[in-house]
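Below is data08.cif, which holds mmCIF, C-alpha atoms.
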```
data_my_file
#
loop_
_atom_site.label_atom_id
_atom_site.label_comp_id
_atom_site.auth_asym_id
_atom_site.auth_seq_id
_atom_site.Cartn_x
_atom_site.Cartn_y
_atom_site.Cartn_z
CA MET A 1 88.62 115.88 120.31
CA GLU A 2 88.62 113.74 117.17
CA THR A 3 91.81 113.53 115.17
CA MET A 4 91.83 114.72 111.57
CA GLU A 5 92.30 111.12 110.41
CA ALA A 6 89.25 110.02 112.41
CA ILE A 7 87.09 112.79 110.90
CA LEU A 8 88.19 111.88 107.38
CA ARG A 9 87.51 108.21 108.01
CA GLU A 10 84.26 108.41 109.97
CA LYS A 11 82.55 111.44 108.44
CA PHE A 12 83.83 111.28 104.86
CA GLY A 13 84.64 107.61 104.33
CA ILE A 14 88.30 108.11 103.42
CA SER A 15 90.18 104.85 103.83
CA GLU A 16 93.59 104.58 105.43
CA GLU A 17 95.22 103.64 102.13
CA VAL A 18 93.76 106.63 100.27
CA LEU A 19 94.75 109.01 103.06
CA LYS A 20 98.31 107.69 103.20
CA PHE A 21 98.71 107.87 99.43
CA CYS A 22 97.32 111.42 99.20
CA LEU A 23 99.37 112.80 102.09
CA GLN A 24 102.49 111.46 100.41
CA LYS A 25 101.58 113.24 97.17
CA GLU A 26 100.89 116.46 99.07
CA ALA A 27 104.30 116.33 100.76
CA GLU A 28 105.96 116.13 97.34
CA LEU A 29 104.60 119.59 96.44
CA SER A 30 106.06 121.69 99.25
CA GLN A 31 108.25 123.84 96.96
CA GLU A 32 105.44 124.45 94.48
CA PHE A 33 103.04 125.39 97.27
CA ALA A 34 105.58 127.88 98.62
CA GLN A 35 105.80 129.56 95.21
CA ILE A 36 101.99 129.82 95.05
CA ASP A 37 102.05 131.48 98.47
CA ARG A 38 104.56 134.08 97.20
CA ILE A 39 102.34 134.94 94.20
CA THR A 40 99.27 135.08 96.43
CA GLU A 41 100.97 137.48 98.81
CA TYR A 42 102.05 139.79 95.98
CA ASN A 43 98.55 139.90 94.50
CA GLN A 44 96.95 140.44 97.89
CA TYR A 45 99.06 143.56 98.41
CA LYS A 46 98.25 144.75 94.88
CA VAL A 47 94.50 144.54 95.53
CA LEU A 48 94.83 146.16 98.96
CA ALA A 49 96.85 149.04 97.51
CA ALA A 50 94.21 149.69 94.82
CA MET A 51 91.44 149.81 97.43
CA GLN A 52 93.40 152.20 99.63
CA LYS A 53 94.37 154.40 96.67
CA ASN A 54 90.70 154.83 95.78
CA ARG A 55 89.74 155.58 99.40
CA LEU A 56 87.25 152.74 99.62
CA SER A 57 84.67 153.49 102.34
CA ASP A 58 81.52 151.94 103.72
CA ALA A 59 79.71 154.78 101.97
CA HIS A 60 80.49 152.93 98.73
CA PHE A 61 78.40 149.95 99.81
CA ALA A 62 75.01 151.69 99.57
CA ALA A 63 72.52 150.07 97.18
CA THR A 64 71.09 151.76 94.11
CA THR A 65 67.91 150.89 92.23
CA GLY A 66 66.16 151.88 89.04
CA TYR A 67 68.49 153.58 86.59
CA GLY A 68 71.39 153.53 89.01
CA TYR A 69 72.54 157.09 88.32
CA ASN A 70 75.43 158.41 90.42
CA ASP A 71 76.32 155.02 91.92
CA LEU A 72 79.49 155.99 93.75
CA GLY A 73 80.26 152.44 94.88
CA ARG A 74 79.94 151.04 91.36
CA ASP A 75 82.19 153.73 89.91
CA THR A 76 84.78 153.30 92.66
CA LEU A 77 84.85 149.52 92.24
CA GLU A 78 85.43 149.98 88.51
CA GLN A 79 88.38 152.27 89.18
CA ILE A 80 89.76 149.70 91.63
CA TYR A 81 89.50 147.03 88.93
CA ALA A 82 91.24 149.30 86.44
CA ASP A 83 94.10 149.85 88.90
CA VAL A 84 94.42 146.17 89.84
CA PHE A 85 94.60 145.14 86.18
CA GLY A 86 96.80 148.09 85.18
CA ALA A 87 94.17 149.38 82.74
CA GLU A 88 92.76 152.79 81.78
CA ALA A 89 89.12 151.92 82.45
CA ALA A 90 86.84 149.14 83.63
CA LEU A 91 83.25 147.98 83.32
CA VAL A 92 82.27 145.77 86.30
CA ARG A 93 78.58 145.00 86.35
CA PRO A 94 76.06 142.49 87.68
CA GLN A 95 74.27 142.99 84.36
CA LEU A 96 77.10 141.00 82.74
CA ILE A 97 75.72 137.57 83.54
CA SER A 98 78.67 135.36 82.58
CA GLY A 99 82.07 135.29 80.96
CA THR A 100 80.45 134.48 77.61
CA HIS A 101 78.12 137.46 77.98
CA ALA A 102 81.00 139.79 78.87
CA LEU A 103 82.93 138.61 75.81
CA THR A 104 79.84 139.04 73.64
CA VAL A 105 79.39 142.62 74.85
CA ALA A 106 83.06 143.43 74.27
CA LEU A 107 82.97 141.95 70.75
CA ALA A 108 79.65 143.45 69.71
CA GLY A 109 80.62 146.84 71.11
CA ASN A 110 83.84 147.02 69.12
CA LEU A 111 83.03 145.25 65.84
CA ARG A 112 80.92 146.55 62.98
CA PRO A 113 79.49 144.96 59.80
CA GLY A 114 82.33 144.23 57.40
CA ASP A 115 84.91 143.76 60.16
CA GLU A 116 86.69 140.47 60.67
CA LEU A 117 87.43 138.72 63.94
CA LEU A 118 90.55 136.55 64.14
CA SER A 119 91.47 133.86 66.66
CA PRO A 120 95.17 132.97 66.40
CA VAL A 121 94.86 130.21 69.03
CA GLY A 122 92.39 127.89 67.34
CA ALA A 123 88.69 127.49 68.05
CA PRO A 124 87.28 129.40 71.03
CA TYR A 125 85.30 127.86 73.89
CA ASP A 126 82.06 126.10 72.91
CA THR A 127 79.61 128.77 74.08
CA LEU A 128 81.47 131.52 72.21
CA GLN A 129 81.22 129.61 68.96
CA GLY A 130 77.50 130.34 68.83
CA VAL A 131 78.18 134.01 69.56
CA ILE A 132 80.60 134.26 66.64
CA GLY A 133 78.46 132.20 64.28
CA ILE A 134 80.80 129.23 63.85
CA ARG A 135 77.77 127.32 65.04
CA ALA A 136 74.57 128.88 63.71
CA GLU A 137 72.69 130.74 66.44
CA LYS A 138 70.19 133.60 66.35
CA GLY A 139 71.81 136.97 66.96
CA SER A 140 75.37 135.82 66.21
CA LEU A 141 78.02 138.21 64.95
CA ALA A 142 77.83 136.45 61.59
CA GLU A 143 74.21 137.60 61.21
CA TYR A 144 75.47 141.18 61.44
CA GLY A 145 78.02 140.72 58.67
CA ILE A 146 81.04 140.21 60.91
CA THR A 147 83.30 137.52 59.48
CA TYR A 148 85.60 135.19 61.36
CA ARG A 149 88.73 133.23 60.72
CA GLN A 150 91.08 131.27 62.91
CA VAL A 151 94.63 129.98 62.84
CA ASP A 152 95.06 126.65 64.56
CA LEU A 153 97.98 125.97 66.87
CA LEU A 154 100.88 123.90 65.63
CA GLU A 155 102.07 120.70 67.22
CA GLY A 156 103.25 121.31 70.76
CA ASP A 157 100.72 124.15 71.20
CA ARG A 158 102.97 126.56 69.34
CA PHE A 159 101.69 129.67 67.61
CA ASP A 160 101.63 129.43 63.81
CA TRP A 161 103.45 132.70 63.16
CA GLU A 162 103.33 132.43 59.38
CA GLY A 163 99.68 131.42 59.43
CA ILE A 164 98.84 134.39 61.64
CA ARG A 165 100.74 136.76 59.35
CA ASN A 166 98.82 135.48 56.34
CA ALA A 167 95.44 135.65 58.13
CA ILE A 168 95.68 139.32 59.11
CA ASN A 169 94.25 141.55 56.39
CA GLU A 170 92.65 144.96 55.87
CA LYS A 171 89.36 143.71 57.39
CA THR A 172 90.93 142.34 60.58
CA LYS A 173 89.56 144.57 63.34
CA LEU A 174 89.90 142.46 66.49
CA VAL A 175 92.07 139.53 67.56
CA THR A 176 90.68 137.38 70.36
CA ILE A 177 93.10 135.36 72.51
CA GLN A 178 91.66 132.71 74.80
CA ARG A 179 94.07 132.33 77.70
CA SER A 180 92.60 129.13 79.13
CA LYS A 181 92.32 125.84 77.30
CA GLY A 182 88.53 125.51 77.20
CA TYR A 183 87.52 121.98 76.24
CA GLU A 184 90.80 121.39 74.41
CA TRP A 185 93.79 119.25 75.34
CA ARG A 186 96.28 122.08 75.13
CA LYS A 187 98.26 124.18 77.53
CA SER A 188 96.91 127.49 78.72
CA PHE A 189 98.92 130.55 77.77
CA SER A 190 101.06 132.49 80.21
CA VAL A 191 101.06 136.27 80.21
CA ALA A 192 104.56 136.17 78.68
CA GLU A 193 103.27 134.06 75.77
CA ILE A 194 100.30 136.38 75.32
CA CYS A 195 102.72 139.32 75.27
CA GLU A 196 104.75 137.67 72.50
CA LEU A 197 101.61 137.02 70.45
CA ILE A 198 100.23 140.55 70.86
CA THR A 199 103.58 142.10 69.96
CA PHE A 200 103.70 140.02 66.77
CA VAL A 201 100.12 140.90 65.79
CA LYS A 202 100.68 144.62 66.40
CA SER A 203 103.86 144.52 64.31
CA ILE A 204 101.73 143.44 61.34
CA LYS A 205 98.72 145.72 61.95
CA SER A 206 99.24 148.25 64.71
CA ASP A 207 95.62 149.38 65.00
CA VAL A 208 94.09 145.93 65.52
CA ILE A 209 92.30 145.50 68.86
CA CYS A 210 93.76 142.64 70.91
CA MET A 211 91.28 141.16 73.37
CA VAL A 212 92.17 138.51 75.95
CA ASP A 213 89.61 136.11 77.38
CA ASN A 214 91.13 136.06 80.85
CA CYS A 215 88.71 133.56 82.43
CA TYR A 216 90.43 131.30 85.00
CA GLY A 217 93.70 133.24 84.69
CA GLU A 218 93.30 136.19 87.05
CA PHE A 219 95.85 136.33 89.92
CA VAL A 220 97.58 133.13 88.81
CA GLU A 221 100.60 135.30 87.96
CA THR A 222 101.77 138.66 89.30
CA ILE A 223 101.00 140.45 86.02
CA GLU A 224 97.84 140.66 83.90
CA PRO A 225 97.44 140.76 80.09
CA TYR A 226 96.66 144.49 79.78
CA GLU A 227 100.08 145.23 81.24
CA VAL A 228 101.75 143.50 78.28
CA GLY A 229 99.81 145.12 75.47
CA ALA A 230 96.24 143.79 75.44
CA ASP A 231 93.62 146.42 74.57
CA LEU A 232 90.74 144.60 76.27
CA VAL A 233 90.73 141.96 79.02
CA VAL A 234 87.49 140.17 79.85
CA GLY A 235 86.36 137.75 82.55
CA SER A 236 83.63 136.49 84.86
CA LEU A 237 83.07 137.44 88.50
CA ILE A 238 81.90 133.94 89.41
CA LYS A 239 85.37 132.76 88.49
CA ASN A 240 88.66 134.04 89.93
CA PRO A 241 88.13 137.76 90.63
CA GLY A 242 84.82 137.32 92.46
CA GLY A 243 86.57 135.39 95.21
CA GLY A 244 83.57 133.13 95.69
CA LEU A 245 81.45 135.98 97.06
CA ALA A 246 80.24 137.64 93.86
CA PRO A 247 76.75 136.25 93.15
CA ILE A 248 76.83 137.31 89.48
CA GLY A 249 78.74 139.59 87.15
CA GLY A 250 81.52 140.10 84.68
CA TYR A 251 84.26 142.62 83.97
CA ILE A 252 85.80 144.29 80.96
CA VAL A 253 89.00 146.28 81.49
CA GLY A 254 91.20 148.01 78.96
CA LYS A 255 91.58 151.19 76.95
CA THR A 256 88.92 153.77 77.70
CA GLU A 257 87.55 153.92 74.15
CA TYR A 258 87.03 150.17 73.87
CA VAL A 259 85.55 149.83 77.35
CA GLU A 260 83.11 152.66 76.60
CA ASN A 261 82.12 150.97 73.33
CA ALA A 262 81.29 147.85 75.32
CA ALA A 263 79.31 149.89 77.85
CA TYR A 264 77.16 151.39 75.08
CA ARG A 265 76.39 147.88 73.88
CA LEU A 266 75.57 146.66 77.39
CA SER A 267 73.12 149.49 78.12
CA ALA A 268 72.23 151.74 75.16
CA PRO A 269 73.85 154.33 72.89
CA GLY A 270 74.14 157.58 74.82
CA LEU A 271 73.85 155.88 78.21
CA GLY A 272 76.91 153.66 78.54
CA LYS A 273 78.44 153.45 82.00
CA GLU A 274 76.16 156.10 83.51
CA VAL A 275 73.36 153.63 84.24
CA GLY A 276 73.07 150.21 85.86
CA ALA A 277 71.80 149.74 89.40
CA THR A 278 73.84 147.51 91.71
CA LEU A 279 70.90 146.48 93.91
CA GLY A 280 73.00 146.12 97.05
CA ILE A 281 75.61 143.61 95.86
CA THR A 282 78.57 146.01 95.69
CA PRO A 283 79.87 144.80 99.11
CA SER A 284 79.96 141.20 97.81
CA LEU A 285 81.73 142.22 94.60
CA THR A 286 84.25 144.32 96.48
CA GLN A 287 84.98 141.87 99.29
CA GLY A 288 85.15 139.08 96.73
CA LEU A 289 87.88 140.93 94.87
CA PHE A 290 89.73 141.44 98.15
CA GLN A 291 89.60 137.69 98.85
CA ALA A 292 90.33 136.65 95.28
CA PRO A 293 94.13 136.24 95.54
CA GLN A 294 93.71 133.87 98.51
CA VAL A 295 90.96 131.87 96.81
CA VAL A 296 92.96 131.59 93.59
CA GLY A 297 95.94 130.41 95.62
CA GLY A 298 93.83 127.64 97.15
CA SER A 299 92.51 126.69 93.74
CA LEU A 300 96.03 126.43 92.35
CA LYS A 301 97.11 124.16 95.20
CA THR A 302 94.05 121.98 94.55
CA ALA A 303 94.94 121.73 90.86
CA LEU A 304 98.55 120.79 91.60
CA PHE A 305 97.44 118.18 94.11
CA ALA A 306 94.98 116.63 91.64
CA ALA A 307 97.70 116.46 88.99
CA GLN A 308 100.18 114.84 91.38
CA VAL A 309 97.66 112.26 92.58
CA TYR A 310 96.25 111.23 89.21
CA ASP A 311 99.56 111.33 87.37
CA ALA A 312 100.90 108.83 89.93
CA LEU A 313 97.93 106.57 89.10
CA GLY A 314 98.83 106.55 85.40
CA PHE A 315 96.27 109.02 84.03
CA GLY A 316 97.18 111.78 81.63
CA VAL A 317 97.28 115.20 83.27
CA LEU A 318 97.76 118.67 81.81
CA PRO A 319 99.57 120.54 83.10
CA ALA A 320 101.78 118.31 85.21
CA ALA A 321 101.93 119.22 88.88
CA LYS A 322 105.37 120.81 88.67
CA GLU A 323 104.81 122.77 85.46
CA VAL A 324 104.37 126.54 85.58
CA ARG A 325 100.66 127.40 85.56
CA ALA A 326 98.74 129.96 83.52
CA ASP A 327 95.26 129.27 84.94
CA ILE A 328 93.48 127.26 87.63
CA VAL A 329 92.11 124.54 85.31
CA GLN A 330 93.40 120.98 85.65
CA LEU A 331 92.83 118.43 82.89
CA ILE A 332 92.74 114.72 83.69
CA GLN A 333 92.31 112.21 80.90
CA PHE A 334 90.41 109.18 82.20
CA GLY A 335 89.83 107.30 78.95
CA SER A 336 86.32 106.10 79.79
CA ALA A 337 82.91 107.59 80.54
CA LYS A 338 82.57 105.48 83.72
CA LYS A 339 85.72 106.94 85.23
CA VAL A 340 84.71 110.47 84.28
CA ILE A 341 81.32 110.07 85.92
CA ALA A 342 82.79 108.47 89.05
CA PHE A 343 85.33 111.27 89.43
CA CYS A 344 82.67 113.96 89.06
CA ARG A 345 80.42 112.21 91.55
CA GLY A 346 83.31 112.12 94.00
CA ILE A 347 83.81 115.88 93.62
CA GLN A 348 80.08 116.36 94.19
CA LYS A 349 80.19 114.24 97.37
CA ALA A 350 82.76 116.66 98.78
CA ALA A 351 80.57 119.74 98.19
CA PRO A 352 79.10 121.84 100.99
CA VAL A 353 75.90 122.20 98.92
CA ASP A 354 74.00 119.29 97.33
CA SER A 355 76.60 116.75 98.43
CA TYR A 356 73.91 114.06 98.31
CA VAL A 357 73.21 114.61 94.61
CA ALA A 358 74.68 112.28 91.95
CA PRO A 359 75.38 114.32 88.80
CA GLU A 360 74.39 112.87 85.43
CA PRO A 361 75.45 113.83 81.90
CA TRP A 362 72.86 115.97 80.08
CA ASP A 363 72.43 118.00 76.91
CA MET A 364 73.39 121.48 78.04
CA PRO A 365 72.63 124.50 75.83
CA GLY A 366 75.68 125.62 73.86
CA TYR A 367 77.44 122.24 73.77
CA ASP A 368 77.57 119.58 71.05
CA CYS A 369 77.42 116.50 73.31
CA PRO A 370 76.17 115.53 76.78
CA VAL A 371 78.12 117.22 79.55
CA ILE A 372 78.45 116.23 83.20
CA MET A 373 78.99 118.94 85.77
CA ALA A 374 79.82 118.51 89.44
CA ALA A 375 79.37 121.73 91.38
CA GLY A 376 77.86 121.86 94.84
CA ALA A 377 78.29 125.60 94.90
CA PHE A 378 76.88 128.48 96.92
CA VAL A 379 76.57 130.41 93.63
CA GLN A 380 75.01 128.53 90.73
CA GLY A 381 77.63 127.83 88.06
CA SER A 382 80.46 129.31 90.09
CA SER A 383 83.64 127.65 88.87
CA ILE A 384 85.90 129.34 91.39
CA GLU A 385 84.20 126.95 93.82
CA LEU A 386 85.42 123.36 93.59
CA SER A 387 83.87 121.96 90.43
CA ALA A 388 84.48 119.55 87.59
CA ASP A 389 82.91 119.20 84.20
CA ALA A 390 83.44 117.00 81.20
CA PRO A 391 82.03 116.43 77.73
CA ILE A 392 81.05 112.77 77.50
CA LYS A 393 83.07 111.91 74.41
CA PRO A 394 86.53 110.46 73.71
CA PRO A 395 89.16 110.84 75.02
CA TYR A 396 87.05 111.49 78.14
CA ASN A 397 88.82 114.48 79.65
CA VAL A 398 87.71 116.04 82.93
CA TYR A 399 88.23 119.75 83.49
CA MET A 400 88.52 120.47 87.19
CA GLN A 401 88.93 123.87 88.76
CA GLY A 402 88.30 125.96 91.83
CA GLY A 403 88.20 125.51 95.56
CA LEU A 404 87.32 128.34 97.95
CA SER A 405 90.01 126.98 100.24
CA TRP A 406 92.91 124.60 99.74
CA HIS A 407 91.63 122.25 102.45
CA HIS A 408 88.27 121.88 100.77
CA GLY A 409 90.01 121.19 97.47
CA LYS A 410 92.20 118.62 99.16
CA ILE A 411 89.30 116.61 100.58
CA GLY A 412 87.51 116.86 97.24
CA ILE A 413 90.40 115.12 95.49
CA MET A 414 90.60 112.48 98.21
CA ILE A 415 86.88 111.70 97.96
CA SER A 416 87.09 111.53 94.15
CA LEU A 417 89.86 108.96 94.46
CA GLN A 418 87.94 107.02 97.11
CA THR A 419 84.91 106.89 94.78
CA LEU A 420 86.97 105.56 91.87
CA LEU A 421 88.58 102.99 94.15
CA GLU A 422 85.28 101.75 95.55
CA GLU A 423 83.85 101.34 92.06
CA GLY A 424 86.85 99.23 91.04
CA LEU A 425 87.99 101.76 88.43
CA VAL A 426 91.44 102.43 89.84
CA LYS A 427 94.11 100.68 91.89
CA LEU A 428 96.57 102.34 94.24
CA PRO A 429 100.25 101.58 93.58
#
```
Take the structure in the file and give it back as structure tokens.
Amino acid sequence: METMEAILREKFGISEEVLKFCLQKEAELSQEFAQIDRITEYNQYKVLAAMQKNRLSDAHFAATTGYGYNDLGRDTLEQIYADVFGAEAALVRPQLISGTHALTVALAGNLRPGDELLSPVGAPYDTLQGVIGIRAEKGSLAEYGITYRQVDLLEGDRFDWEGIRNAINEKTKLVTIQRSKGYEWRKSFSVAEICELITFVKSIKSDVICMVDNCYGEFVETIEPYEVGADLVVGSLIKNPGGGLAPIGGYIVGKTEYVENAAYRLSAPGLGKEVGATLGITPSLTQGLFQAPQVVGGSLKTALFAAQVYDALGFGVLPAAKEVRADIVQLIQFGSAKKVIAFCRGIQKAAPVDSYVAPEPWDMPGYDCPVIMAAGAFVQGSSIELSADAPIKPPYNVYMQGGLSWHHGKIGIMISLQTLLEEGLVKLP
């Protein structure tokens, strides 16, 4: 039988020097990996308990078509999601095609002409800017008379408390809090920080709806944003909670009234949650949720490992490997387009799907510059699978996330380093 070192060398082209360097960096993270395992175990039991409480059965896995009336599996899965996230109600549907779509449905369902939307954490992610109308797009909230304002973060990624107080007014209907960093060089917010922000906002205007964009944050901690005061929590099933098995979908959890408002926007007034066929994918959505804590744990280990490796090589990383994490996203600042492209091509080489493809930057819809994306995924666009993407503009940051297993994430980082080394773009210490 071949040794692991022989497989890495002969089948994946990992040199002895890269392997030695990476194994040393891995060994330095033993305490951090143990803490991830503790969080993973807690969340696994939480998901299991919710499934048992709701008496999940194989009868719930039957497919529905057409209108999807009386879909017992769909309704049970939504109650499981509500229990896992500590919420009153949930909307979990394959008809929600992405995180951006789920956020759009939640916003449009709960805002009316004359209302104002406030972001107290600076500009939202690129694709949501078109939804809001910051960037002119057909069908934006701005076209329906919904205004928007934002309060930028202060130096050190601190909340501007006074700015937020001054921004809230009689028109402020909904406050949107993006947990993850998006394409910004800033920290992601922990649930404790989100709690502090929501408490402050509610102290100024108690009836404002607080919505958290939870993408990339699910199961990173042992508590979720609804449990600390959020009214709505929104995310994508092809990120953390889908566990790599969900082929499509999004979720909205929160207070019953606000979730129902979103459901009426997703389907039609008077129909809401009563319709929406699942077309036989309920088993994938349900099993994906069951696996999600383990997959998120592997993704976190991959992110820590990447930070430890590239920090040791002199690149900027955020967060650092030994910092407390709020999401699975790892930023690496390479400082040049060549290094960004080489890194992404290395991640692609490690993929189980399309490993032979060399990704190129291109003008993606919803972005203001060429973007390169490395993702040899089983599900198109799935960023819980090992992936990396970067806007090709200074300071040339790469945003890496995912990994269905820690060992796949590990080899992905090793191959990315090997690619940079072979192209003469990095030197090992």
> Hey, what comes out of the PyMOL selection byres ((chain A and resi 311) around 12) on this file? Could you write it as a PyMOL selection string?
Replying inline: chain A and resi 25+303-310+312-322+330-334+428-429
> For this file, the PyMOL selection byres ((chain A and resi 169) around 12) selects which residues, as a PyMOL selection string?
Replying inline: chain A and resi 115-118+148-149+163-168+170-175+201+204-208
> region 355-359 of chain A: which residues within 7 Å, counting only C-alpha atoms, same-chain residues fewer than 2 positions away excluded, as a VMD selection string?
Replying inline: chain A and resid 345 348 to 353 361 372 to 374 376
> Once the PyMOL selection byres ((chain A and resi 260) around 10) has been applied to the shown file, what residues remain in the selection, as a PyMOL selection string?
Replying inline: chain A and resi 89-91+106+109-110+252-259+261-266+271-273
>> What does the structure give for the distance between CA of Val18 (chain A) and CA of Glu5 (chain A), in Å to one decimal?
In response: 11.2 Å
>> Show me the residues around (90.3, 101.6, 89.3) - criterion: an atom at most 12 Å away, all atoms listed in the file counted - as an MDAnalysis selection string.
In response: chainID A and resid 310 313:315 334:336 338:340 342:343 416:429
